[in-house]
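run.pdb follows; it contains PDB, C-alpha atoms.
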```pdb
ATOM      1  CA  MET A   1     136.462 -48.589 -10.871
ATOM      2  CA  ASN A   2     133.440 -50.406 -12.309
ATOM      3  CA  PRO A   3     130.163 -48.546 -11.769
ATOM      4  CA  ASP A   4     128.237 -51.305 -13.605
ATOM      5  CA  ILE A   5     129.387 -54.110 -11.303
ATOM      6  CA  GLN A   6     126.792 -56.633 -10.114
ATOM      7  CA  LEU A   7     126.933 -57.907  -6.549
ATOM      8  CA  VAL A   8     125.584 -61.144  -5.086
ATOM      9  CA  TYR A   9     124.995 -61.142  -1.334
ATOM     10  CA  MET A  10     124.358 -64.440   0.485
ATOM     11  CA  VAL A  11     122.759 -64.261   3.929
ATOM     12  CA  ARG A  12     121.930 -66.852   6.557
ATOM     13  CA  ASP A  13     120.519 -67.061  10.069
ATOM     14  CA  PRO A  14     122.386 -64.170  11.740
ATOM     15  CA  VAL A  15     122.994 -66.018  15.007
ATOM     16  CA  GLU A  16     124.207 -69.141  13.193
ATOM     17  CA  ARG A  17     126.574 -66.911  11.205
ATOM     18  CA  MET A  18     127.953 -65.488  14.456
ATOM     19  CA  VAL A  19     128.519 -68.945  15.941
ATOM     20  CA  SER A  20     130.212 -70.106  12.739
ATOM     21  CA  ALA A  21     132.446 -67.015  12.679
ATOM     22  CA  TYR A  22     133.351 -67.626  16.323
ATOM     23  CA  ALA A  23     134.288 -71.252  15.561
ATOM     24  CA  GLN A  24     136.403 -70.148  12.609
ATOM     25  CA  SER A  25     138.181 -67.562  14.770
ATOM     26  CA  ARG A  26     138.887 -70.241  17.377
ATOM     27  CA  HIS A  27     140.335 -72.499  14.695
ATOM     28  CA  LEU A  28     142.495 -69.746  13.221
ATOM     29  CA  GLY A  29     143.799 -68.797  16.659
ATOM     30  CA  TYR A  30     142.306 -65.293  16.706
ATOM     31  CA  GLU A  31     139.803 -66.088  19.456
ATOM     32  CA  THR A  32     140.441 -67.620  22.872
ATOM     33  CA  ARG A  33     137.467 -66.344  24.884
ATOM     34  CA  PRO A  34     134.536 -68.657  25.708
ATOM     35  CA  ILE A  35     131.645 -68.270  23.270
ATOM     36  CA  HIS A  36     129.285 -66.624  25.790
ATOM     37  CA  GLU A  37     131.863 -63.855  26.375
ATOM     38  CA  ALA A  38     132.976 -63.368  22.784
ATOM     39  CA  ILE A  39     129.740 -63.667  20.823
ATOM     40  CA  THR A  40     128.353 -60.240  21.820
ATOM     41  CA  ASP A  41     131.481 -58.501  20.513
ATOM     42  CA  MET A  42     130.688 -56.181  17.590
ATOM     43  CA  ALA A  43     133.196 -58.133  15.498
ATOM     44  CA  TYR A  44     130.605 -60.949  15.493
ATOM     45  CA  VAL A  45     127.431 -58.849  15.663
ATOM     46  CA  ALA A  46     128.013 -56.259  12.919
ATOM     47  CA  PRO A  47     128.583 -58.704  10.011
ATOM     48  CA  SER A  48     125.214 -60.303  10.876
ATOM     49  CA  GLN A  49     123.443 -56.950  10.574
ATOM     50  CA  TYR A  50     122.749 -57.572   6.915
ATOM     51  CA  TRP A  51     120.801 -54.415   6.192
ATOM     52  CA  LEU A  52     123.477 -52.322   7.889
ATOM     53  CA  GLN A  53     126.096 -53.974   5.652
ATOM     54  CA  LEU A  54     123.993 -53.747   2.495
ATOM     55  CA  SER A  55     123.023 -50.115   3.042
ATOM     56  CA  GLU A  56     126.695 -49.157   2.775
ATOM     57  CA  TYR A  57     126.814 -50.689  -0.715
ATOM     58  CA  LEU A  58     123.629 -48.812  -1.621
ATOM     59  CA  ARG A  59     125.516 -45.570  -1.098
ATOM     60  CA  TRP A  60     127.530 -46.444  -4.213
ATOM     61  CA  PHE A  61     125.404 -48.868  -6.227
ATOM     62  CA  GLU A  62     121.831 -48.969  -7.478
ATOM     63  CA  PRO A  63     119.462 -51.536  -5.903
ATOM     64  CA  ARG A  64     119.183 -53.272  -9.315
ATOM     65  CA  GLN A  65     122.917 -54.066  -9.089
ATOM     66  CA  ILE A  66     122.514 -56.165  -5.928
ATOM     67  CA  HIS A  67     121.025 -59.650  -5.738
ATOM     68  CA  VAL A  68     120.345 -61.284  -2.356
ATOM     69  CA  GLU A  69     119.956 -65.022  -1.701
ATOM     70  CA  THR A  70     119.743 -67.062   1.492
ATOM     71  CA  LEU A  71     121.842 -70.041   2.479
ATOM     72  CA  ASP A  72     118.587 -71.809   3.398
ATOM     73  CA  ASP A  73     117.423 -71.541  -0.219
ATOM     74  CA  LEU A  74     120.813 -72.697  -1.495
ATOM     75  CA  ASP A  75     120.573 -75.787   0.726
ATOM     76  CA  GLN A  76     116.975 -76.560  -0.299
ATOM     77  CA  ASP A  77     117.001 -75.518  -3.969
ATOM     78  CA  PRO A  78     120.528 -75.140  -5.359
ATOM     79  CA  HIS A  79     119.268 -75.248  -8.976
ATOM     80  CA  GLY A  80     116.842 -72.414  -8.329
ATOM     81  CA  VAL A  81     119.379 -70.240  -6.521
ATOM     82  CA  VAL A  82     122.116 -70.734  -9.112
ATOM     83  CA  GLY A  83     119.577 -70.147 -11.882
ATOM     84  CA  ARG A  84     118.428 -66.875 -10.312
ATOM     85  CA  ILE A  85     122.026 -65.743  -9.858
ATOM     86  CA  GLY A  86     122.765 -66.653 -13.491
ATOM     87  CA  SER A  87     119.759 -64.664 -14.665
ATOM     88  CA  PHE A  88     120.811 -61.698 -12.548
ATOM     89  CA  LEU A  89     124.327 -61.818 -14.012
ATOM     90  CA  GLY A  90     123.049 -62.486 -17.528
ATOM     91  CA  VAL A  91     125.029 -65.703 -17.943
ATOM     92  CA  ASP A  92     124.096 -69.262 -18.817
ATOM     93  CA  VAL A  93     124.524 -71.583 -15.885
ATOM     94  CA  PRO A  94     125.515 -75.215 -16.457
ATOM     95  CA  ALA A  95     123.537 -77.973 -14.761
ATOM     96  CA  ILE A  96     124.528 -78.601 -11.164
ATOM     97  CA  ASP A  97     125.324 -82.060  -9.859
ATOM     98  CA  THR A  98     123.380 -81.967  -6.595
ATOM     99  CA  ASN A  99     125.089 -85.182  -5.499
ATOM    100  CA  GLN A 100     128.288 -83.139  -5.159
ATOM    101  CA  ARG A 101     127.311 -80.939  -2.237
ATOM    102  CA  LEU A 102     129.461 -78.616  -0.219
ATOM    103  CA  ASN A 103     130.345 -79.816   3.237
ATOM    104  CA  THR A 104     128.033 -77.543   5.208
ATOM    105  CA  ARG A 105     128.621 -79.408   8.458
ATOM    106  CA  ALA A 106     132.390 -79.204   8.674
ATOM    107  CA  ARG A 107     133.989 -80.019  11.987
ATOM    108  CA  GLN A 108     134.583 -77.039  14.188
ATOM    109  CA  ARG A 109     138.050 -76.916  15.670
ATOM    110  CA  ALA A 110     139.891 -74.794  18.215
ATOM    111  CA  THR A 111     143.547 -73.889  18.147
ATOM    112  CA  ARG A 112     145.397 -75.345  21.122
ATOM    113  CA  GLY A 113     146.737 -72.911  23.720
ATOM    114  CA  TRP A 114     150.426 -73.401  22.907
ATOM    115  CA  TYR A 115     149.829 -72.953  19.182
ATOM    116  CA  ALA A 116     147.858 -69.678  19.261
ATOM    117  CA  PRO A 117     150.898 -67.467  20.140
ATOM    118  CA  LEU A 118     153.003 -69.340  17.599
ATOM    119  CA  ILE A 119     150.528 -68.745  14.753
ATOM    120  CA  MET A 120     150.340 -65.052  15.649
ATOM    121  CA  PHE A 121     154.148 -64.876  15.619
ATOM    122  CA  LEU A 122     154.244 -66.598  12.213
ATOM    123  CA  ARG A 123     151.510 -64.339  10.794
ATOM    124  CA  HIS A 124     153.368 -61.243  11.971
ATOM    125  CA  ARG A 125     156.435 -62.414  10.058
ATOM    126  CA  ARG A 126     154.369 -63.629   7.076
ATOM    127  CA  LEU A 127     155.494 -67.205   7.576
ATOM    128  CA  ASP A 128     152.031 -68.689   8.131
ATOM    129  CA  GLY A 129     151.441 -69.821   4.550
ATOM    130  CA  THR A 130     154.247 -72.326   4.381
ATOM    131  CA  ARG A 131     153.443 -75.957   3.632
ATOM    132  CA  TRP A 132     154.767 -77.233   6.970
ATOM    133  CA  GLN A 133     152.747 -74.645   8.871
ATOM    134  CA  GLN A 134     149.547 -75.525   6.994
ATOM    135  CA  ARG A 135     150.055 -79.212   7.810
ATOM    136  CA  LEU A 136     150.709 -78.372  11.449
ATOM    137  CA  HIS A 137     147.617 -76.153  11.566
ATOM    138  CA  ARG A 138     145.402 -79.033  10.400
ATOM    139  CA  SER A 139     147.006 -81.568  12.738
ATOM    140  CA  ARG A 140     145.763 -82.774  16.114
ATOM    141  CA  LEU A 141     148.876 -81.258  17.662
ATOM    142  CA  ALA A 142     147.791 -77.718  16.828
ATOM    143  CA  SER A 143     144.021 -77.977  17.097
ATOM    144  CA  ARG A 144     141.265 -80.044  18.614
ATOM    145  CA  GLU A 145     137.589 -80.452  17.927
ATOM    146  CA  LEU A 146     135.419 -77.953  19.763
ATOM    147  CA  ARG A 147     133.184 -79.603  22.330
ATOM    148  CA  ILE A 148     129.488 -78.959  21.812
ATOM    149  CA  GLU A 149     129.300 -76.715  24.898
ATOM    150  CA  GLU A 150     132.118 -74.605  23.441
ATOM    151  CA  ARG A 151     130.186 -73.911  20.231
ATOM    152  CA  THR A 152     126.650 -73.539  21.550
ATOM    153  CA  ILE A 153     125.104 -70.458  23.069
ATOM    154  CA  HIS A 154     122.451 -70.514  25.758
ATOM    155  CA  PRO A 155     118.878 -70.133  24.379
ATOM    156  CA  THR A 156     118.358 -66.944  26.422
ATOM    157  CA  LEU A 157     121.426 -65.330  24.851
ATOM    158  CA  ALA A 158     120.357 -66.570  21.403
ATOM    159  CA  ASP A 159     116.942 -64.913  21.918
ATOM    160  CA  GLU A 160     118.587 -61.663  23.003
ATOM    161  CA  LEU A 161     120.739 -61.693  19.879
ATOM    162  CA  ARG A 162     117.783 -62.582  17.649
ATOM    163  CA  HIS A 163     115.859 -59.652  19.108
ATOM    164  CA  LEU A 164     118.818 -57.419  18.259
ATOM    165  CA  PHE A 165     118.451 -58.313  14.556
ATOM    166  CA  THR A 166     114.669 -57.830  14.291
ATOM    167  CA  ASP A 167     114.684 -54.283  12.869
ATOM    168  CA  ASP A 168     117.663 -54.972  10.627
ATOM    169  CA  LEU A 169     115.938 -58.000   9.072
ATOM    170  CA  ARG A 170     112.676 -56.097   8.717
ATOM    171  CA  ASN A 171     114.531 -53.409   6.744
ATOM    172  CA  LEU A 172     116.168 -56.069   4.569
ATOM    173  CA  GLU A 173     112.780 -57.673   3.872
ATOM    174  CA  SER A 174     111.397 -54.276   2.913
ATOM    175  CA  PHE A 175     114.271 -53.747   0.486
ATOM    176  CA  LEU A 176     113.828 -57.214  -1.014
ATOM    177  CA  GLY A 177     110.039 -57.010  -1.180
ATOM    178  CA  ARG A 178     109.772 -60.569   0.136
ATOM    179  CA  PRO A 179     109.884 -62.280   3.519
ATOM    180  CA  LEU A 180     113.018 -63.914   4.818
ATOM    181  CA  PRO A 181     113.044 -67.167   6.793
ATOM    182  CA  THR A 182     111.981 -66.751  10.404
ATOM    183  CA  TRP A 183     115.551 -66.819  11.694
ATOM    184  CA  GLY A 184     116.682 -63.727  13.445
ATOM    185  CA  ARG A 185     113.423 -63.272  15.290
ATOM    186  CA  ALA A 186     113.174 -63.679  19.056
ATOM    187  CA  GLY A 187     111.996 -67.118  20.096
ATOM    188  CA  GLY A 188     114.390 -69.144  17.919
ATOM    189  CA  ASP A 189     116.660 -71.890  19.231
ATOM    190  CA  ALA A 190     120.357 -71.686  20.039
ATOM    191  CA  ALA A 191     122.652 -71.935  17.061
ATOM    192  CA  SER A 192     125.514 -74.328  16.701
ATOM    193  CA  SER A 193     125.755 -74.785  12.956
ATOM    194  CA  SER A 194     129.106 -74.785  11.201
ATOM    195  CA  ARG A 195     128.008 -74.050   7.663
ATOM    196  CA  ARG A 196     130.447 -71.730   5.992
TER     197      ARG A 196
END
```
Spit out the file's structure as structure tokens when you get a sec.
Amino acid sequence: MNPDIQLVYMVRDPVERMVSAYAQSRHLGYETRPIHEAITDMAYVAPSQYWLQLSEYLRWFEPRQIHVETLDDLDQDPHGVVGRIGSFLGVDVPAIDTNQRLNTRARQRATRGWYAPLIMFLRHRRLDGTRWQQRLHRSRLASRELRIEERTIHPTLADELRHLFTDDLRNLESFLGRPLPTWGRAGGDAASSSRR
């Protein structure tokens, strides 16, 4: 529909992204499995294969139409990242108030057992967007904070996952013509971040 579209792609530590996606799925009631069982599911792995995802866009768009940034850079240099994105899009970017930061360490919550079937029932009938349901979803009745052991993967599993992303990240670096942070390489620590 718009062959001249410009795309901005934000990437982060692939394993941290998986853990964050798992926590979000627990909160939304889609996931009930323990993290060590669920995290190797392709539903969590594939979105962290950034080159795999990006290469699909390159079937339809020119490389010059895609701009890639990292969440690490956004955390450390929001002015620089927003400025680069503005330049890529050809727009003037207003000054950013760095005192007003996004909550990148939001609490991770899990839907309670009794509520998960109810939310699925409501979603199926398209009743999950009602005001009372949204209030219930955010309440302590429907969800609880995930314990640290529920949102942390063992270092051995984290290393196995990081090894899985090595070639994908190498291909992304080649496309970008610059190195990425060292995340995604074997030898990193277990992820438990909740940045979204």
(request) Determine the residue set returned by the PyMOL selection byres ((chain A and resi 176-178) around 12) for the present structure, and present it as a list in words. (result)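 When the PyMOL selection byres ((chain A and resi 176-178) around 12) is applied to the shown file, the picked residues are Tyr9, Tyr50, Trp51, Leu54, Pro63, Arg64, Ile66, His67, Val68, Glu69, Thr70, Leu169, Arg170, Asn171, Leu172, Glu173, Ser174, Phe175, Pro179, Leu180 and Pro181 of chain A.
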(message) To test your reading of the syntax: which residues would the PyMOL selection byres ((chain A and resi 95) around 10) return for the file shown? Reply as an MDAnalysis selection string.
(response) chainID A and resid 79 82:83 92:94 96:98
(request) Find the distance between atom CA of A:Gly129 and atom CA of A:Ala23 and write it in Å to one decimal. (result)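 Straight-line distance from atom CA of A:Gly129 to atom CA of A:Ala23 works out to 20.4 Å.
Each of A:Val15, A:Leu157, A:Leu52, A:Tyr30 was compared to A:Arg123 using all atoms listed in the file, and A:Tyr30 turns out to be the nearest.
For the pair atom CA of A:Thr182 and atom CA of A:Arg26, the interatomic distance is 28.0 Å.
The closest residue to A:Met10, picked from A:Thr156, A:Thr40, A:Gln53, A:Thr130 and counting only C-alpha atoms, is A:Gln53.
Candidate residues A:Arg59, A:Asp72, A:Val45, A:Trp183 were compared for distance to A:Asp159, and the nearest is A:Trp183, using only C-alpha atoms.
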From the structure just shown, export stretch 12-87 of chain A with C-alpha atoms as a PDB file, in the first residue's frame.
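What landed in selection.pdb:
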```pdb
ATOM      1  CA  ARG A  12      17.129  -5.622  22.880  1.00  0.00           C
ATOM      2  CA  ASP A  13      18.921  -8.504  24.567  1.00  0.00           C
ATOM      3  CA  PRO A  14      17.122 -11.475  22.964  1.00  0.00           C
ATOM      4  CA  VAL A  15      16.954 -13.522  26.164  1.00  0.00           C
ATOM      5  CA  GLU A  16      15.690 -10.548  28.182  1.00  0.00           C
ATOM      6  CA  ARG A  17      13.025 -10.029  25.507  1.00  0.00           C
ATOM      7  CA  MET A  18      11.947 -13.661  25.887  1.00  0.00           C
ATOM      8  CA  VAL A  19      11.698 -13.380  29.673  1.00  0.00           C
ATOM      9  CA  SER A  20       9.720 -10.147  29.361  1.00  0.00           C
ATOM     10  CA  ALA A  21       7.359 -11.718  26.810  1.00  0.00           C
ATOM     11  CA  TYR A  22       6.883 -14.701  29.122  1.00  0.00           C
ATOM     12  CA  ALA A  23       6.029 -12.395  32.048  1.00  0.00           C
ATOM     13  CA  GLN A  24       3.559 -10.479  29.894  1.00  0.00           C
ATOM     14  CA  SER A  25       1.915 -13.730  28.779  1.00  0.00           C
ATOM     15  CA  ARG A  26       1.615 -14.813  32.413  1.00  0.00           C
ATOM     16  CA  HIS A  27      -0.016 -11.502  33.288  1.00  0.00           C
ATOM     17  CA  LEU A  28      -2.442 -11.666  30.371  1.00  0.00           C
ATOM     18  CA  GLY A  29      -3.405 -15.232  31.249  1.00  0.00           C
ATOM     19  CA  TYR A  30      -2.072 -16.811  28.050  1.00  0.00           C
ATOM     20  CA  GLU A  31       0.748 -18.665  29.802  1.00  0.00           C
ATOM     21  CA  THR A  32       0.553 -20.994  32.795  1.00  0.00           C
ATOM     22  CA  ARG A  33       3.669 -23.140  32.339  1.00  0.00           C
ATOM     23  CA  PRO A  34       6.771 -22.553  34.496  1.00  0.00           C
ATOM     24  CA  ILE A  35       9.361 -20.375  32.763  1.00  0.00           C
ATOM     25  CA  HIS A  36      11.906 -23.187  32.271  1.00  0.00           C
ATOM     26  CA  GLU A  37       9.287 -25.200  30.335  1.00  0.00           C
ATOM     27  CA  ALA A  38       7.770 -22.358  28.338  1.00  0.00           C
ATOM     28  CA  ILE A  39      10.784 -20.249  27.400  1.00  0.00           C
ATOM     29  CA  THR A  40      12.119 -22.635  24.719  1.00  0.00           C
ATOM     30  CA  ASP A  41       8.794 -22.541  22.861  1.00  0.00           C
ATOM     31  CA  MET A  42       9.162 -21.005  19.388  1.00  0.00           C
ATOM     32  CA  ALA A  43       6.530 -18.435  20.362  1.00  0.00           C
ATOM     33  CA  TYR A  44       9.226 -16.910  22.608  1.00  0.00           C
ATOM     34  CA  VAL A  45      12.304 -17.809  20.551  1.00  0.00           C
ATOM     35  CA  ALA A  46      11.314 -16.660  17.047  1.00  0.00           C
ATOM     36  CA  PRO A  47      10.539 -12.997  17.902  1.00  0.00           C
ATOM     37  CA  SER A  48      14.050 -12.750  19.410  1.00  0.00           C
ATOM     38  CA  GLN A  49      15.628 -13.931  16.156  1.00  0.00           C
ATOM     39  CA  TYR A  50      15.947 -10.368  14.943  1.00  0.00           C
ATOM     40  CA  TRP A  51      17.664 -11.074  11.650  1.00  0.00           C
ATOM     41  CA  LEU A  52      15.099 -13.753  10.835  1.00  0.00           C
ATOM     42  CA  GLN A  53      12.328 -11.206  11.487  1.00  0.00           C
ATOM     43  CA  LEU A  54      14.062  -8.380   9.632  1.00  0.00           C
ATOM     44  CA  SER A  55      14.926 -10.498   6.599  1.00  0.00           C
ATOM     45  CA  GLU A  56      11.208 -10.991   5.961  1.00  0.00           C
ATOM     46  CA  TYR A  57      10.777  -7.211   5.700  1.00  0.00           C
ATOM     47  CA  LEU A  58      13.760  -7.058   3.340  1.00  0.00           C
ATOM     48  CA  ARG A  59      11.800  -9.187   0.896  1.00  0.00           C
ATOM     49  CA  TRP A  60       9.500  -6.189   0.400  1.00  0.00           C
ATOM     50  CA  PHE A  61      11.498  -3.117   1.409  1.00  0.00           C
ATOM     51  CA  GLU A  62      14.916  -1.701   0.597  1.00  0.00           C
ATOM     52  CA  PRO A  63      17.552  -1.698   3.377  1.00  0.00           C
ATOM     53  CA  ARG A  64      17.535   2.139   3.296  1.00  0.00           C
ATOM     54  CA  GLN A  65      13.886   2.034   4.436  1.00  0.00           C
ATOM     55  CA  ILE A  66      14.722   0.275   7.717  1.00  0.00           C
ATOM     56  CA  HIS A  67      16.375   1.860  10.742  1.00  0.00           C
ATOM     57  CA  VAL A  68      17.489  -0.291  13.691  1.00  0.00           C
ATOM     58  CA  GLU A  69      18.112   0.923  17.254  1.00  0.00           C
ATOM     59  CA  THR A  70      18.760  -0.907  20.516  1.00  0.00           C
ATOM     60  CA  LEU A  71      16.914  -0.529  23.787  1.00  0.00           C
ATOM     61  CA  ASP A  72      20.324  -0.259  25.479  1.00  0.00           C
ATOM     62  CA  ASP A  73      21.075   2.882  23.459  1.00  0.00           C
ATOM     63  CA  LEU A  74      17.620   4.292  24.189  1.00  0.00           C
ATOM     64  CA  ASP A  75      18.236   3.813  27.921  1.00  0.00           C
ATOM     65  CA  GLN A  76      21.732   5.349  27.803  1.00  0.00           C
ATOM     66  CA  ASP A  77      21.261   8.083  25.183  1.00  0.00           C
ATOM     67  CA  PRO A  78      17.590   8.860  24.521  1.00  0.00           C
ATOM     68  CA  HIS A  79      18.453  12.185  22.823  1.00  0.00           C
ATOM     69  CA  GLY A  80      20.809  10.465  20.409  1.00  0.00           C
ATOM     70  CA  VAL A  81      18.391   7.661  19.561  1.00  0.00           C
ATOM     71  CA  VAL A  82      15.412   9.964  19.039  1.00  0.00           C
ATOM     72  CA  GLY A  83      17.607  12.313  17.007  1.00  0.00           C
ATOM     73  CA  ARG A  84      18.775   9.479  14.751  1.00  0.00           C
ATOM     74  CA  ILE A  85      15.201   8.276  14.287  1.00  0.00           C
ATOM     75  CA  GLY A  86      14.112  11.842  13.469  1.00  0.00           C
ATOM     76  CA  SER A  87      16.882  12.164  10.900  1.00  0.00           C
TER      77      SER A  87
END
```
